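Source file: model.cif. Holds: mmCIF, C-alpha atoms, pLDDT in the B column; chains and numbers go by the auth columns.
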```cif
data_query
loop_
_atom_site.group_PDB
_atom_site.id
_atom_site.type_symbol
_atom_site.label_atom_id
_atom_site.label_comp_id
_atom_site.label_asym_id
_atom_site.label_seq_id
_atom_site.Cartn_x
_atom_site.Cartn_y
_atom_site.Cartn_z
_atom_site.B_iso_or_equiv
_atom_site.auth_seq_id
_atom_site.auth_asym_id
ATOM 1 C CA MET A 1 13.505 21.324 -13.214 60.00 204 A
ATOM 2 C CA ARG A 2 15.105 18.874 -10.872 78.00 205 A
ATOM 3 C CA TRP A 3 14.845 15.150 -11.424 68.00 206 A
ATOM 4 C CA ALA A 4 12.784 14.676 -8.233 71.00 207 A
ATOM 5 C CA THR A 5 10.148 17.114 -9.477 77.00 208 A
ATOM 6 C CA LEU A 6 10.052 15.485 -12.895 67.00 209 A
ATOM 7 C CA TYR A 7 9.862 12.032 -11.327 68.00 210 A
ATOM 8 C CA ALA A 8 7.018 13.079 -9.015 69.00 211 A
ATOM 9 C CA ARG A 9 5.056 14.636 -11.865 70.00 212 A
ATOM 10 C CA SER A 10 5.573 11.661 -14.187 65.00 213 A
ATOM 11 C CA ARG A 11 4.320 9.326 -11.446 68.00 214 A
ATOM 12 C CA GLN A 12 1.309 11.542 -10.635 75.00 215 A
ATOM 13 C CA VAL A 13 2.502 11.931 -7.032 76.00 216 A
ATOM 14 C CA PRO A 14 0.632 15.203 -6.307 81.00 217 A
ATOM 15 C CA ALA A 15 -2.690 13.737 -7.469 82.00 218 A
ATOM 16 C CA ALA A 16 -2.029 10.445 -5.665 83.00 219 A
ATOM 17 C CA PHE A 17 -1.160 12.242 -2.423 86.00 220 A
ATOM 18 C CA THR A 18 -4.316 14.332 -2.638 90.00 221 A
ATOM 19 C CA ALA A 19 -6.422 11.222 -3.294 88.00 222 A
ATOM 20 C CA LEU A 20 -4.735 9.440 -0.388 89.00 223 A
ATOM 21 C CA LEU A 21 -5.615 12.283 1.978 91.00 224 A
ATOM 22 C CA VAL A 22 -9.208 12.500 0.710 93.00 225 A
ATOM 23 C CA ALA A 23 -9.720 8.733 1.011 91.00 226 A
ATOM 24 C CA THR A 24 -8.239 8.669 4.517 91.00 227 A
ATOM 25 C CA ALA A 25 -10.336 11.607 5.702 91.00 228 A
ATOM 26 C CA GLY A 26 -13.470 10.170 4.103 91.00 229 A
ATOM 27 C CA VAL A 27 -13.175 6.732 5.681 92.00 230 A
ATOM 28 C CA TRP A 28 -12.282 8.212 9.057 89.00 231 A
ATOM 29 C CA PHE A 29 -15.221 10.613 8.905 90.00 232 A
ATOM 30 C CA LEU A 30 -17.626 7.759 8.197 91.00 233 A
ATOM 31 C CA ALA A 31 -16.146 5.432 10.835 89.00 234 A
ATOM 32 C CA ARG A 32 -14.866 7.810 13.505 83.00 235 A
ATOM 33 C CA ASP A 33 -17.250 6.546 16.202 84.00 236 A
ATOM 34 C CA SER A 34 -16.572 2.907 15.355 87.00 237 A
ATOM 35 C CA TRP A 35 -12.873 3.072 14.477 90.00 238 A
ATOM 36 C CA SER A 36 -11.562 -0.506 14.428 91.00 239 A
ATOM 37 C CA PRO A 37 -9.308 -2.752 12.307 92.00 240 A
ATOM 38 C CA ILE A 38 -11.897 -2.871 9.496 93.00 241 A
ATOM 39 C CA PRO A 39 -11.914 0.911 8.826 94.00 242 A
ATOM 40 C CA VAL A 40 -8.123 0.903 9.243 94.00 243 A
ATOM 41 C CA MET A 41 -7.866 -1.841 6.616 95.00 244 A
ATOM 42 C CA LEU A 42 -10.172 0.112 4.283 94.00 245 A
ATOM 43 C CA THR A 43 -8.247 3.337 4.825 94.00 246 A
ATOM 44 C CA LEU A 44 -4.849 1.758 4.228 95.00 247 A
ATOM 45 C CA THR A 45 -6.124 -0.123 1.185 96.00 248 A
ATOM 46 C CA ALA A 46 -7.661 3.000 -0.329 93.00 249 A
ATOM 47 C CA GLY A 47 -4.568 5.096 0.366 93.00 250 A
ATOM 48 C CA ILE A 48 -2.102 2.563 -1.009 94.00 251 A
ATOM 49 C CA ALA A 49 -4.321 1.717 -3.976 93.00 252 A
ATOM 50 C CA VAL A 50 -4.673 5.302 -5.171 91.00 253 A
ATOM 51 C CA ALA A 51 -0.964 5.970 -4.728 90.00 254 A
ATOM 52 C CA ALA A 52 0.108 2.687 -6.360 89.00 255 A
ATOM 53 C CA ILE A 53 -1.313 3.769 -9.709 85.00 256 A
ATOM 54 C CA GLY A 54 1.827 5.853 -10.231 81.00 257 A
ATOM 55 C CA LEU A 55 4.284 2.983 -9.780 82.00 258 A
ATOM 56 C CA SER A 56 5.321 3.258 -13.415 75.00 259 A
ATOM 57 C CA GLY A 57 5.811 6.142 -15.774 66.00 260 A
ATOM 58 C CA GLN A 58 4.213 6.766 -19.113 64.00 261 A
ATOM 59 C CA ASP A 59 7.144 5.192 -20.980 63.00 262 A
ATOM 60 C CA PRO A 60 8.580 2.006 -19.403 61.00 263 A
ATOM 61 C CA ASP A 61 11.319 1.834 -22.057 62.00 264 A
ATOM 62 C CA LEU A 62 12.515 5.284 -21.071 60.00 265 A
ATOM 63 C CA ASP A 63 12.557 4.223 -17.417 60.00 266 A
ATOM 64 C CA ARG A 64 14.690 1.189 -18.237 60.00 267 A
ATOM 65 C CA THR A 65 17.245 3.145 -20.296 62.00 268 A
ATOM 66 C CA ALA A 66 17.804 6.049 -17.915 60.00 269 A
ATOM 67 C CA ALA A 67 21.371 6.895 -17.010 58.00 270 A
ATOM 68 C CA LEU A 68 20.521 7.104 -13.316 64.00 271 A
ATOM 69 C CA PRO A 69 19.825 3.928 -11.326 69.00 272 A
ATOM 70 C CA TRP A 70 16.114 3.243 -10.919 78.00 273 A
ATOM 71 C CA PRO A 71 16.066 0.624 -8.125 85.00 274 A
ATOM 72 C CA VAL A 72 16.780 3.216 -5.438 85.00 275 A
ATOM 73 C CA ARG A 73 14.028 5.477 -6.756 83.00 276 A
ATOM 74 C CA ARG A 74 11.577 2.598 -7.018 87.00 277 A
ATOM 75 C CA PHE A 75 12.285 1.511 -3.450 92.00 278 A
ATOM 76 C CA ALA A 76 11.975 5.081 -2.180 89.00 279 A
ATOM 77 C CA HIS A 77 8.702 5.583 -4.062 87.00 280 A
ATOM 78 C CA LEU A 78 7.209 2.404 -2.604 92.00 281 A
ATOM 79 C CA ALA A 79 8.439 3.245 0.901 93.00 282 A
ATOM 80 C CA LEU A 80 7.010 6.768 0.697 91.00 283 A
ATOM 81 C CA ILE A 81 3.609 5.386 -0.299 92.00 284 A
ATOM 82 C CA GLY A 82 3.633 3.174 2.800 93.00 285 A
ATOM 83 C CA LEU A 83 4.810 5.975 5.065 94.00 286 A
ATOM 84 C CA ALA A 84 2.192 8.380 3.713 93.00 287 A
ATOM 85 C CA ALA A 85 -0.677 5.883 4.016 94.00 288 A
ATOM 86 C CA GLY A 86 0.375 4.673 7.473 94.00 289 A
ATOM 87 C CA GLY A 87 1.083 8.196 8.685 94.00 290 A
ATOM 88 C CA ALA A 88 -2.302 9.411 7.476 94.00 291 A
ATOM 89 C CA VAL A 89 -4.068 6.611 9.362 94.00 292 A
ATOM 90 C CA LEU A 90 -2.090 7.344 12.525 94.00 293 A
ATOM 91 C CA ALA A 91 -2.884 11.050 12.222 93.00 294 A
ATOM 92 C CA VAL A 92 -6.629 10.677 11.741 93.00 295 A
ATOM 93 C CA GLN A 93 -7.074 8.084 14.451 91.00 296 A
ATOM 94 C CA GLU A 94 -5.624 10.557 16.956 89.00 297 A
ATOM 95 C CA LEU A 95 -8.600 12.810 16.215 88.00 298 A
ATOM 96 C CA GLY A 96 -11.019 10.300 17.731 84.00 299 A
ATOM 97 C CA THR A 97 -11.332 8.434 20.989 85.00 300 A
ATOM 98 C CA LEU A 98 -10.792 4.932 19.596 86.00 301 A
ATOM 99 C CA THR A 99 -7.402 3.800 18.312 88.00 302 A
ATOM 100 C CA VAL A 100 -6.044 0.686 16.658 92.00 303 A
ATOM 101 C CA ASP A 101 -2.737 -0.743 17.826 94.00 304 A
ATOM 102 C CA LEU A 102 0.314 0.620 15.994 95.00 305 A
ATOM 103 C CA SER A 103 1.588 -2.889 15.226 95.00 306 A
ATOM 104 C CA ILE A 104 -1.607 -3.682 13.297 96.00 307 A
ATOM 105 C CA ILE A 105 -1.284 -0.508 11.232 96.00 308 A
ATOM 106 C CA LEU A 106 2.382 -1.192 10.457 96.00 309 A
ATOM 107 C CA ARG A 107 1.709 -4.841 9.606 97.00 310 A
ATOM 108 C CA ASP A 108 -1.205 -4.022 7.318 97.00 311 A
ATOM 109 C CA ALA A 109 0.581 -1.138 5.600 96.00 312 A
ATOM 110 C CA ALA A 110 3.657 -3.274 4.930 97.00 313 A
ATOM 111 C CA GLY A 111 1.670 -6.201 3.557 97.00 314 A
ATOM 112 C CA LEU A 112 -0.550 -4.026 1.366 97.00 315 A
ATOM 113 C CA LEU A 113 2.512 -2.218 0.069 96.00 316 A
ATOM 114 C CA GLY A 114 4.067 -5.545 -0.873 97.00 317 A
ATOM 115 C CA LEU A 115 0.889 -6.512 -2.708 97.00 318 A
ATOM 116 C CA ALA A 116 0.993 -3.214 -4.609 96.00 319 A
ATOM 117 C CA GLY A 117 4.627 -3.854 -5.548 95.00 320 A
ATOM 118 C CA LEU A 118 3.810 -7.371 -6.763 96.00 321 A
ATOM 119 C CA ALA A 119 0.854 -6.139 -8.815 95.00 322 A
ATOM 120 C CA ALA A 120 2.948 -3.386 -10.390 92.00 323 A
ATOM 121 C CA THR A 121 5.727 -5.820 -11.238 93.00 324 A
ATOM 122 C CA VAL A 122 3.439 -8.466 -12.714 93.00 325 A
ATOM 123 C CA ALA A 123 0.752 -6.371 -14.415 90.00 326 A
ATOM 124 C CA GLY A 124 2.236 -2.872 -14.675 85.00 327 A
ATOM 125 C CA GLY A 125 2.233 0.197 -12.464 82.00 328 A
ATOM 126 C CA GLN A 126 -1.206 1.326 -13.553 86.00 329 A
ATOM 127 C CA TYR A 127 -2.529 -1.914 -12.014 91.00 330 A
ATOM 128 C CA GLY A 128 -0.677 -1.578 -8.710 90.00 331 A
ATOM 129 C CA TRP A 129 -4.016 -1.121 -6.971 92.00 332 A
ATOM 130 C CA THR A 130 -5.459 -4.496 -7.968 94.00 333 A
ATOM 131 C CA LEU A 131 -3.915 -6.976 -5.513 95.00 334 A
ATOM 132 C CA PRO A 132 -4.365 -4.786 -2.408 96.00 335 A
ATOM 133 C CA LEU A 133 -7.984 -4.127 -3.344 95.00 336 A
ATOM 134 C CA VAL A 134 -8.794 -7.759 -4.167 96.00 337 A
ATOM 135 C CA TRP A 135 -7.228 -9.088 -0.964 96.00 338 A
ATOM 136 C CA ALA A 136 -8.951 -6.439 1.151 95.00 339 A
ATOM 137 C CA GLY A 137 -12.243 -7.272 -0.564 94.00 340 A
ATOM 138 C CA ILE A 138 -11.924 -10.963 0.304 95.00 341 A
ATOM 139 C CA THR A 139 -10.631 -10.563 3.870 94.00 342 A
ATOM 140 C CA PRO A 140 -13.871 -9.573 5.674 92.00 343 A
ATOM 141 C CA PHE A 141 -15.664 -12.628 4.281 93.00 344 A
ATOM 142 C CA VAL A 142 -13.168 -15.202 5.573 92.00 345 A
ATOM 143 C CA GLN A 143 -14.597 -17.166 8.466 88.00 346 A
ATOM 144 C CA ASN A 144 -12.255 -16.793 11.412 84.00 347 A
ATOM 145 C CA ASP A 145 -12.219 -20.374 12.666 89.00 348 A
ATOM 146 C CA GLY A 146 -8.836 -20.041 14.365 87.00 349 A
ATOM 147 C CA SER A 147 -7.029 -22.077 11.714 91.00 350 A
ATOM 148 C CA THR A 148 -3.716 -21.039 10.236 92.00 351 A
ATOM 149 C CA THR A 149 -5.369 -20.782 6.825 93.00 352 A
ATOM 150 C CA SER A 150 -7.910 -18.242 8.055 93.00 353 A
ATOM 151 C CA HIS A 151 -5.147 -16.292 9.812 94.00 354 A
ATOM 152 C CA VAL A 152 -3.130 -16.194 6.596 94.00 355 A
ATOM 153 C CA VAL A 153 -5.993 -15.266 4.263 95.00 356 A
ATOM 154 C CA ALA A 154 -7.492 -12.708 6.675 95.00 357 A
ATOM 155 C CA TRP A 155 -4.168 -11.396 7.968 95.00 358 A
ATOM 156 C CA MET A 156 -5.313 -7.769 7.793 95.00 359 A
ATOM 157 C CA LEU A 157 -8.020 -8.271 10.413 94.00 360 A
ATOM 158 C CA GLN A 158 -6.097 -10.443 12.859 94.00 361 A
ATOM 159 C CA PRO A 159 -5.236 -9.077 16.307 93.00 362 A
ATOM 160 C CA ALA A 160 -1.744 -7.858 17.090 93.00 363 A
ATOM 161 C CA GLY A 161 0.684 -10.651 17.836 91.00 364 A
ATOM 162 C CA THR A 162 -0.908 -13.241 15.529 93.00 365 A
ATOM 163 C CA ALA A 163 2.156 -14.988 14.142 95.00 366 A
ATOM 164 C CA ALA A 164 0.585 -16.239 10.905 95.00 367 A
ATOM 165 C CA ALA A 165 -0.757 -12.769 10.076 95.00 368 A
ATOM 166 C CA THR A 166 2.555 -11.098 10.849 96.00 369 A
ATOM 167 C CA TRP A 167 4.536 -13.587 8.765 97.00 370 A
ATOM 168 C CA THR A 168 2.093 -13.301 5.861 97.00 371 A
ATOM 169 C CA ALA A 169 2.409 -9.514 5.837 97.00 372 A
ATOM 170 C CA LEU A 170 6.199 -9.746 6.160 97.00 373 A
ATOM 171 C CA VAL A 171 6.536 -12.210 3.272 98.00 374 A
ATOM 172 C CA LEU A 172 4.255 -10.076 1.072 98.00 375 A
ATOM 173 C CA ALA A 173 6.158 -6.909 2.013 97.00 376 A
ATOM 174 C CA VAL A 174 9.594 -8.368 1.284 97.00 377 A
ATOM 175 C CA ALA A 175 8.545 -10.155 -1.920 97.00 378 A
ATOM 176 C CA GLY A 176 6.659 -7.167 -3.325 97.00 379 A
ATOM 177 C CA THR A 177 9.286 -4.610 -2.402 96.00 380 A
ATOM 178 C CA ALA A 178 12.137 -6.744 -3.746 96.00 381 A
ATOM 179 C CA ALA A 179 10.320 -7.515 -7.006 95.00 382 A
ATOM 180 C CA TYR A 180 9.293 -3.930 -7.676 92.00 383 A
ATOM 181 C CA THR A 181 12.690 -2.531 -6.670 92.00 384 A
ATOM 182 C CA ALA A 182 14.557 -4.955 -8.902 90.00 385 A
ATOM 183 C CA TRP A 183 12.329 -5.001 -11.997 87.00 386 A
ATOM 184 C CA GLY A 184 9.911 -2.098 -11.739 81.00 387 A
ATOM 185 C CA GLY A 185 6.544 -2.000 -13.424 78.00 388 A
ATOM 186 C CA ARG A 186 5.822 -4.376 -16.273 72.00 389 A
ATOM 187 C CA ARG A 187 5.796 -2.966 -19.785 65.00 390 A
#
```
Could you render the structure from this file as structure tokens?
Amino acid sequence: MRWATLYARSRQVPAAFTALLVATAGVWFLARDSWSPIPVMLTLTAGIAVAAIGLSGQDPDLDRTAALPWPVRRFAHLALIGLAAGGAVLAVQELGTLTVDLSIILRDAAGLLGLAGLAATVAGGQYGWTLPLVWAGITPFVQNDGSTTSHVVAWMLQPAGTAAATWTALVLAVAGTAAYTAWGGRR
């Protein structure tokens, strides 16, 4: 077998991809007539959360001692999760009449991906779902009073072009991707 096949199987990629598609289709089916940033946030969170579970293998020591460099694979794995989740959202929203702006989808996918990378680095790959899910669970309950704090905490539901939301997602994306790429999942 090739290393890519072994890597994908050890990271449960086929099961994660199937779960990502099922979650995306399920949320879209329930919200198709009222497609808005909230269902997009739920869809992206569900897709990234189910795929983030595979951000570490069964044996972290084996991952760290491999002869081939892992940072490139870790970055590619994280990027593919974001592309798959964002692409699935873009695909299903084309099936309906309502669409959410592309910049919101990209911003939310990048920020959630960074959160998944941070969670995997700090707590381990099997817990990569925790930070995206917790932040998405808090976001709808933040009172949008127009303050910078509310824009930062509820960045996933802010309109396109909100600077604080964009910068929050960018910082999370860069920090999470860099941490996971450099160190991988915690032991």
Legend entry - Expansion of the PyMOL selection byres ((chain A and resi 290-298) around 10) into residues, as an NGL selection string: :A and (223-224 or 226-228 or 230-232 or 235 or 238-239 or 242-244 or 246-247 or 250 or 284-289 or 299-305 or 308-309 or 312)
Inset, instruction - Return the single residue from A:Trp338, A:Phe344, A:Tyr383, A:Tyr330 that is closest to A:Leu315, with distances computed using only C-alpha atoms. - result: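 Counting only C-alpha atoms, the residue closest to A:Leu315 is A:Trp338.
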Inset, instruction - Spell out the residues picked by the PyMOL selection byres ((chain A and resi 374) around 12) here, as JSON, numbers by chain. - result: {"A": [310, 311, 313, 314, 315, 316, 317, 318, 321, 355, 358, 367, 368, 369, 370, 371, 372, 373, 375, 376, 377, 378, 379, 380, 381, 382]}
Okay, now the selection with C-alpha atoms, as a PDB file, in the coordinates of the input?
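Contents of selection_16.pdb, freshly written:
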```
ATOM      1  CA  ARG A 310       1.709  -4.841   9.606  1.00 97.00           C
ATOM      2  CA  ASP A 311      -1.205  -4.022   7.318  1.00 97.00           C
ATOM      3  CA  ALA A 313       3.657  -3.274   4.930  1.00 97.00           C
ATOM      4  CA  GLY A 314       1.670  -6.201   3.557  1.00 97.00           C
ATOM      5  CA  LEU A 315      -0.550  -4.026   1.366  1.00 97.00           C
ATOM      6  CA  LEU A 316       2.512  -2.218   0.069  1.00 96.00           C
ATOM      7  CA  GLY A 317       4.067  -5.545  -0.873  1.00 97.00           C
ATOM      8  CA  LEU A 318       0.889  -6.512  -2.708  1.00 97.00           C
ATOM      9  CA  LEU A 321       3.810  -7.371  -6.763  1.00 96.00           C
ATOM     10  CA  VAL A 355      -3.130 -16.194   6.596  1.00 94.00           C
ATOM     11  CA  TRP A 358      -4.168 -11.396   7.968  1.00 95.00           C
ATOM     12  CA  ALA A 367       0.585 -16.239  10.905  1.00 95.00           C
ATOM     13  CA  ALA A 368      -0.757 -12.769  10.076  1.00 95.00           C
ATOM     14  CA  THR A 369       2.555 -11.098  10.849  1.00 96.00           C
ATOM     15  CA  TRP A 370       4.536 -13.587   8.765  1.00 97.00           C
ATOM     16  CA  THR A 371       2.093 -13.301   5.861  1.00 97.00           C
ATOM     17  CA  ALA A 372       2.409  -9.514   5.837  1.00 97.00           C
ATOM     18  CA  LEU A 373       6.199  -9.746   6.160  1.00 97.00           C
ATOM     19  CA  LEU A 375       4.255 -10.076   1.072  1.00 98.00           C
ATOM     20  CA  ALA A 376       6.158  -6.909   2.013  1.00 97.00           C
ATOM     21  CA  VAL A 377       9.594  -8.368   1.284  1.00 97.00           C
ATOM     22  CA  ALA A 378       8.545 -10.155  -1.920  1.00 97.00           C
ATOM     23  CA  GLY A 379       6.659  -7.167  -3.325  1.00 97.00           C
ATOM     24  CA  THR A 380       9.286  -4.610  -2.402  1.00 96.00           C
ATOM     25  CA  ALA A 381      12.137  -6.744  -3.746  1.00 96.00           C
ATOM     26  CA  ALA A 382      10.320  -7.515  -7.006  1.00 95.00           C
TER      27      ALA A 382
END
```
Inset, instruction - Figure out the distance between atom CA of A:Ala222 and atom CA of A:Ala339, please, to one decimal in Å. - result: 18.4 Å
Inset, instruction - Identify all residues satisfying the PyMOL selection byres ((chain A and resi 258) around 9) in the given file; provide them as JSON, numbers by chain. - result: {"A": [214, 254, 255, 256, 257, 259, 260, 277, 280, 281, 319, 320, 323, 327, 328, 329, 330, 331, 383, 387, 388]}
Inset, instruction - For atom CA of A:Arg389 and atom CA of A:Ile251, determine how far apart the two atoms are, in Å to one decimal place. - result: 18.5 Å
Legend entry - Selected residue of minimal separation from A:Val225 among A:Ala366, A:Leu360, A:Val253, A:Ala279, counting only C-alpha atoms: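 The shortest atom-to-atom distance to A:Val225 comes from A:Val253.
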Inset, instruction - In the coordinate frame of the file, compute which residues have an atom within 12 Å of (-14.1, -13.9, 8.4) when using all atoms listed in the file, and state them as a ChimeraX atom specification. - result: /A:241,339-350,352-361
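When atom CA of A:Thr324 is paired with atom CA of A:Thr384, their separation reads 9.0 Å.
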What are the centre and edge lengths in Å, to one decimal, of the axis-aligned box around all listed atoms of stretch 321-337 of chain A with 5 Å added on each side, as JSON?
```
{"center_x": -1.5, "center_y": -3.6, "center_z": -8.5, "size_x": 24.5, "size_y": 19.8, "size_z": 22.3}
```
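Taking all atoms listed in the file into account, A:Leu336 lies nearest to A:Thr248 out of the set A:Thr208, A:Gln215, A:Thr248, A:Thr221.
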Inset, instruction - Kindly indicate which residue among A:Ile307, A:Arg205, A:Ala252, A:Pro274 lies nearest to A:Thr333, using all atoms listed in the file for the distances. - result: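 Of A:Ile307, A:Arg205, A:Ala252, A:Pro274, the one nearest A:Thr333 is A:Ala252, counting all atoms listed in the file.
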